[in-house]
Amino acid sequence: MAYDRDIIIFGGGIAGLFTAARLRRAGYDVAVIEKDALGGVQTLASQGMIHGGQKYTLTGKATGAATAAAAMPERWEACFSGTGELDLSAVKKLSGRQVMFPAGSFFANLVSRLTVFAAAKAVNGKTRKLPRSGFPPPLRRGPVYEMQECVLDVKSLITALAGLLDGRIFKGEPTALSADGRVTTGEKAFRAKMIIFAGGAGNETALKLLGVGARRTQRRPLRQIMVRPMPQALFGHGIAAGPKPRVTITSHPAHAGGTSHPAHAGGTSHPDGAEHYIWYLGGNIAERGAKMTNDDAIAFAQREMCAIFPTIDWRGKEWASHAVDRAEAFSDGAELAAGPRLQKYGNVLLVWPTKLTFAPSMADLVLAQLEKDDISPSSGTAAHDLPPVAMGRYPWEDAQWRKI
C-alpha cells in the first residue's frame, strides 16, 4: 500500500513539534500540518516553565503529577546542552532557576514551610533554601527556596524544533478523516501509516470527524494577567494557604515583544538598568480570573499583587489579560493528570502533553505505540503541496494595555 508519509501530525505547538522531531530522529518520514501559526494557541500562551514537580506538592505530599515531573528538568537540560534526545542547544533561557516564596499576609499563611520543602525534596533534591542575601528582588521576606528549573523563551524553543523539521511543516487543517489513516485538508487527500493529532483544542475536531460521540476531551479556562513596566525580573511561585500557588510569575523583556534576551539568573535587572519587563501572571490569579470579566480579573490581580508585594509602587502600571483554555484529555478527577495522555482510534492517535514540561514523555508514549503497532520508518519522502506556516505571537504582543 502506498503512503504519502509514515506519520502526519496535526498541530504546530510543543506537542506536535517535539513529537515530530523525535520521530524524525528515529527515521520516520513525518510531516506537521498546522492550521494557524507555529506555537499554537496554548504553547505561546504558556509561561515556559520546565517544572520538576515542586509546585504540585503544596498539599504536603508528592502527587502523581509531581512524581511524573521530577525527571523532566534533567531530560530538558540534556537537550539544551546538545547531548539529549534532541539537540535544542539554540534555545534561549529567560532564567536558569525558579523560586518559591511566601505570598500570604503572615508566615502562618504559608503552607507549612517545612512540609513544602520536605515534599519538594522528595521529588527533586536540588531544591535549596536561599540566604537572605540571595533573595531575588523584589522579595523581602523568607523563606525563599530555589529550584534549578529553567524558564524558556518559548519562541526560541519553537524555532529550534522547527529547525529540526526543515521542509516538513505546512499550513492546513483536516476536513475529512478516517481511522484507517486517510485525511483530507481542503482539496488534498493524504494517507499515512499513523495520523497524530496534537493540537490541544483542535483534537476535538478529530473526534468529530471520526464520529466519536463519547466525551474524550475537556477544557480548563485560564485568564493570564500581564503588567508592565516592571524594573526587575522574577520567576517563581508565591505560596499562601492553599493547594496551588497564589501567583506564578514569569518575566519577559518588554523590548521587541519580549522575544529574545540573554539568560537571567531569576530576579536580576538588566546590567545597564535600562531594561524593563512584562510580568506574566498565572497560578490562582489566572484560575480565579477565568471566572471574571476582563475588567474584574485585572482589578482582582492588582489587589492581589498589592497585597503580595506591598513595597512595589503599582500606580501607573499598564495591565492586560489573555483568556486561554487548557485543552486536555477528559478526566473525571480533580487532580491534574500525572503526565501526558494518548488515545487511539485505529490508525489515528490523539495526544496531550498536559503540561509543556511533559513533552519528552509524550513523545515516548507515541514511539512506544508505533512499536507496539509494528509501524516502522520508511525511506521515502513525498512532497506536500501546502503553504508554509509563520511563527505565532506572544499574548503581550497583541494585548490591549491600559492603566489603572
# chains A, B, ... in the order shown; residues from 1 in each chain; ligands from 1

call {"tool": "select_by_dssp", "arguments": {"residues": "range 286-377 of chain A", "states": "helix (DSSP H, G or I)", "output": "PyMOL selection string"}}
result
chain A and resi 286-289+294-308+356-372

call {"tool": "select_by_dssp", "arguments": {"residues": "range 186-294 of chain A", "states": "strand (DSSP E or B)", "output": "MDAnalysis selection string"}}
result
chainID A and resid 188:197 217:230 236:239 247:253 264 277:282

call {"tool": "write_last_selection", "arguments": {"atoms": "N, CA and C atoms", "output": "CSV table (one decimal), in the first residue's frame"}}
result
chain,number,residue,atom,x,y,z
A,188,LYS,N,-7.0,18.4,-0.8
A,188,LYS,CA,-5.9,17.5,-0.9
A,188,LYS,C,-6.1,16.3,0.1
A,189,ALA,N,-5.9,15.1,-0.4
A,189,ALA,CA,-6.1,13.9,0.4
A,189,ALA,C,-4.7,13.2,0.6
A,190,PHE,N,-4.5,12.7,1.8
A,190,PHE,CA,-3.3,12.1,2.1
A,190,PHE,C,-3.5,10.8,2.9
A,191,ARG,N,-2.5,9.9,2.8
A,191,ARG,CA,-2.6,8.7,3.6
A,191,ARG,C,-1.3,8.4,4.3
A,192,ALA,N,-1.4,8.1,5.6
A,192,ALA,CA,-0.3,7.8,6.4
A,192,ALA,C,-0.4,6.6,7.2
A,193,LYS,N,0.7,6.0,7.6
A,193,LYS,CA,0.7,4.8,8.5
A,193,LYS,C,0.0,5.1,9.8
A,194,MET,N,0.3,6.4,10.3
A,194,MET,CA,-0.4,6.9,11.5
A,194,MET,C,-0.6,8.4,11.4
A,195,ILE,N,-1.8,8.8,11.8
A,195,ILE,CA,-2.1,10.2,11.9
A,195,ILE,C,-2.2,10.6,13.3
A,196,ILE,N,-1.5,11.6,13.7
A,196,ILE,CA,-1.4,12.1,15.1
A,196,ILE,C,-2.0,13.5,15.2
A,197,PHE,N,-2.9,13.6,16.1
A,197,PHE,CA,-3.5,14.9,16.4
A,197,PHE,C,-2.9,15.4,17.8
A,217,THR,N,-12.5,14.8,25.7
A,217,THR,CA,-11.7,15.9,26.0
A,217,THR,C,-12.4,16.8,27.0
A,218,GLN,N,-11.6,17.8,27.5
A,218,GLN,CA,-12.1,18.8,28.4
A,218,GLN,C,-11.3,20.0,28.3
A,219,ARG,N,-11.8,21.1,28.8
A,219,ARG,CA,-11.1,22.4,28.8
A,219,ARG,C,-11.1,23.0,30.2
A,220,ARG,N,-10.0,23.5,30.6
A,220,ARG,CA,-9.9,24.2,31.8
A,220,ARG,C,-9.5,25.7,31.5
A,221,PRO,N,-10.4,26.6,31.7
A,221,PRO,CA,-10.1,28.0,31.3
A,221,PRO,C,-9.1,28.7,32.3
A,222,LEU,N,-8.4,29.6,31.7
A,222,LEU,CA,-7.4,30.5,32.4
A,222,LEU,C,-7.6,31.9,31.9
A,223,ARG,N,-7.3,32.9,32.7
A,223,ARG,CA,-7.2,34.2,32.2
A,223,ARG,C,-5.8,34.8,32.8
A,224,GLN,N,-4.8,34.7,32.0
A,224,GLN,CA,-3.5,35.1,32.4
A,224,GLN,C,-3.5,36.7,32.4
A,225,ILE,N,-2.8,37.2,33.4
A,225,ILE,CA,-2.7,38.7,33.6
A,225,ILE,C,-1.3,39.1,33.3
A,226,MET,N,-1.2,40.3,32.6
A,226,MET,CA,0.1,40.9,32.3
A,226,MET,C,0.1,42.3,32.9
A,227,VAL,N,1.3,42.7,33.4
A,227,VAL,CA,1.5,44.0,33.9
A,227,VAL,C,2.9,44.5,33.5
A,228,ARG,N,3.0,45.8,33.2
A,228,ARG,CA,4.2,46.4,32.8
A,228,ARG,C,4.2,47.9,33.1
A,229,PRO,N,5.4,48.6,33.2
A,229,PRO,CA,6.7,48.1,33.2
A,229,PRO,C,7.2,47.7,34.6
A,230,MET,N,7.9,46.6,34.7
A,230,MET,CA,8.5,46.1,35.9
A,230,MET,C,10.0,46.2,35.8
A,236,GLY,N,8.9,32.6,39.5
A,236,GLY,CA,8.6,31.7,40.6
A,236,GLY,C,7.2,31.7,41.0
A,237,HIS,N,7.0,31.1,42.2
A,237,HIS,CA,5.7,30.8,42.7
A,237,HIS,C,5.5,31.4,44.1
A,238,GLY,N,4.5,32.2,44.2
A,238,GLY,CA,4.1,32.8,45.5
A,238,GLY,C,3.1,31.9,46.2
A,239,ILE,N,3.5,31.4,47.4
A,239,ILE,CA,2.7,30.3,48.1
A,239,ILE,C,2.0,30.9,49.3
A,247,VAL,N,0.2,33.0,43.2
A,247,VAL,CA,0.5,33.5,41.9
A,247,VAL,C,1.8,32.8,41.4
A,248,THR,N,1.9,32.6,40.1
A,248,THR,CA,3.1,32.2,39.4
A,248,THR,C,3.5,33.3,38.5
A,249,ILE,N,4.8,33.7,38.5
A,249,ILE,CA,5.3,34.9,37.8
A,249,ILE,C,6.4,34.5,36.9
A,250,THR,N,6.3,34.9,35.6
A,250,THR,CA,7.5,34.9,34.7
A,250,THR,C,7.6,36.3,34.2
A,251,SER,N,8.8,36.6,33.8
A,251,SER,CA,9.2,37.9,33.3
A,251,SER,C,9.7,37.9,31.9
A,252,HIS,N,9.3,38.9,31.1
A,252,HIS,CA,9.6,38.9,29.7
A,252,HIS,C,10.1,40.2,29.3
A,253,PRO,N,11.2,40.3,28.6
A,253,PRO,CA,11.7,41.7,28.2
A,253,PRO,C,10.7,42.4,27.4
A,264,HIS,N,18.7,35.2,32.3
A,264,HIS,CA,18.8,35.9,33.6
A,264,HIS,C,18.9,34.8,34.7
A,277,TYR,N,10.5,44.9,32.2
A,277,TYR,CA,9.9,43.6,31.9
A,277,TYR,C,8.4,43.7,32.0
A,278,ILE,N,7.8,42.7,31.3
A,278,ILE,CA,6.4,42.4,31.5
A,278,ILE,C,6.3,41.2,32.4
A,279,TRP,N,5.6,41.3,33.5
A,279,TRP,CA,5.3,40.2,34.4
A,279,TRP,C,4.0,39.5,33.9
A,280,TYR,N,4.2,38.2,33.7
A,280,TYR,CA,3.1,37.4,33.2
A,280,TYR,C,2.6,36.5,34.3
A,281,LEU,N,1.4,36.6,34.7
A,281,LEU,CA,0.9,36.1,36.0
A,281,LEU,C,0.0,34.9,35.8
A,282,GLY,N,0.3,33.8,36.4
A,282,GLY,CA,-0.6,32.6,36.4
A,282,GLY,C,-0.9,32.2,37.8

call {"tool": "residues_around", "arguments": {"residues": "range 351-354 of chain A", "least_positions_apart": "2", "cutoff": "6 Å", "atoms": "only C-alpha atoms", "output": "list in words"}}
result
Ala198, Pro340, Arg341, Leu342, Phe358, Ala359 and Met362 of chain A

call {"tool": "closest_atom_pairs", "arguments": {"of": "range 272-342 of chain A", "to": "range 136-148 of chain A", "cutoff": "12 Å", "atoms": "only C-alpha atoms", "output": "JSON lines"}}
result
{"residue": "A:Met305", "atom": "CA", "partner": "A:Pro138", "partner_atom": "CA", "distance": 12.0}
{"residue": "A:Ile308", "atom": "CA", "partner": "A:Leu139", "partner_atom": "CA", "distance": 9.6}
{"residue": "A:Phe309", "atom": "CA", "partner": "A:Pro138", "partner_atom": "CA", "distance": 7.7}
{"residue": "A:Pro310", "atom": "CA", "partner": "A:Arg140", "partner_atom": "CA", "distance": 9.9}
{"residue": "A:Thr311", "atom": "CA", "partner": "A:Pro138", "partner_atom": "CA", "distance": 8.0}
{"residue": "A:Ile312", "atom": "CA", "partner": "A:Pro138", "partner_atom": "CA", "distance": 7.8}
{"residue": "A:Asp313", "atom": "CA", "partner": "A:Pro138", "partner_atom": "CA", "distance": 11.3}

call {"tool": "write_last_selection", "arguments": {"atoms": "C-alpha atoms", "output": "mmCIF file, in the first residue's frame"}}
result
data_model
loop_
_atom_site.group_PDB
_atom_site.id
_atom_site.type_symbol
_atom_site.label_atom_id
_atom_site.label_comp_id
_atom_site.auth_asym_id
_atom_site.auth_seq_id
_atom_site.Cartn_x
_atom_site.Cartn_y
_atom_site.Cartn_z
ATOM 1 C CA MET A 305 -0.208 41.944 43.681
ATOM 2 C CA ILE A 308 1.818 40.178 47.892
ATOM 3 C CA PHE A 309 4.315 42.947 47.033
ATOM 4 C CA PRO A 310 3.416 45.915 49.257
ATOM 5 C CA THR A 311 6.786 47.617 48.684
ATOM 6 C CA ILE A 312 6.219 47.939 44.917
ATOM 7 C CA ASP A 313 4.570 51.113 43.650
#

call {"tool": "residues_around", "arguments": {"residues": "Gly12 in chain A", "least_positions_apart": "6", "cutoff": "7 Å", "atoms": "only C-alpha atoms", "output": "ChimeraX atom specification"}}
result
/A:32-34,38-40

call {"tool": "write_last_selection", "arguments": {"atoms": "N, CA and C atoms", "output": "CSV table (one decimal), in the first residue's frame"}}
result
chain,number,residue,atom,x,y,z
A,32,VAL,N,4.3,17.8,9.6
A,32,VAL,CA,3.5,18.5,10.6
A,32,VAL,C,2.6,19.5,9.8
A,33,ILE,N,1.3,19.5,10.1
A,33,ILE,CA,0.3,20.4,9.5
A,33,ILE,C,-0.3,21.2,10.6
A,34,GLU,N,-0.2,22.5,10.5
A,34,GLU,CA,-0.8,23.5,11.5
A,34,GLU,C,-1.8,24.4,10.8
A,38,LEU,N,2.8,28.7,14.1
A,38,LEU,CA,3.6,27.9,15.0
A,38,LEU,C,3.6,28.4,16.4
A,39,GLY,N,3.5,27.5,17.3
A,39,GLY,CA,3.4,27.9,18.7
A,39,GLY,C,1.9,27.7,19.2
A,40,GLY,N,1.0,27.5,18.2
A,40,GLY,CA,-0.3,27.1,18.5
A,40,GLY,C,-1.0,28.2,19.4
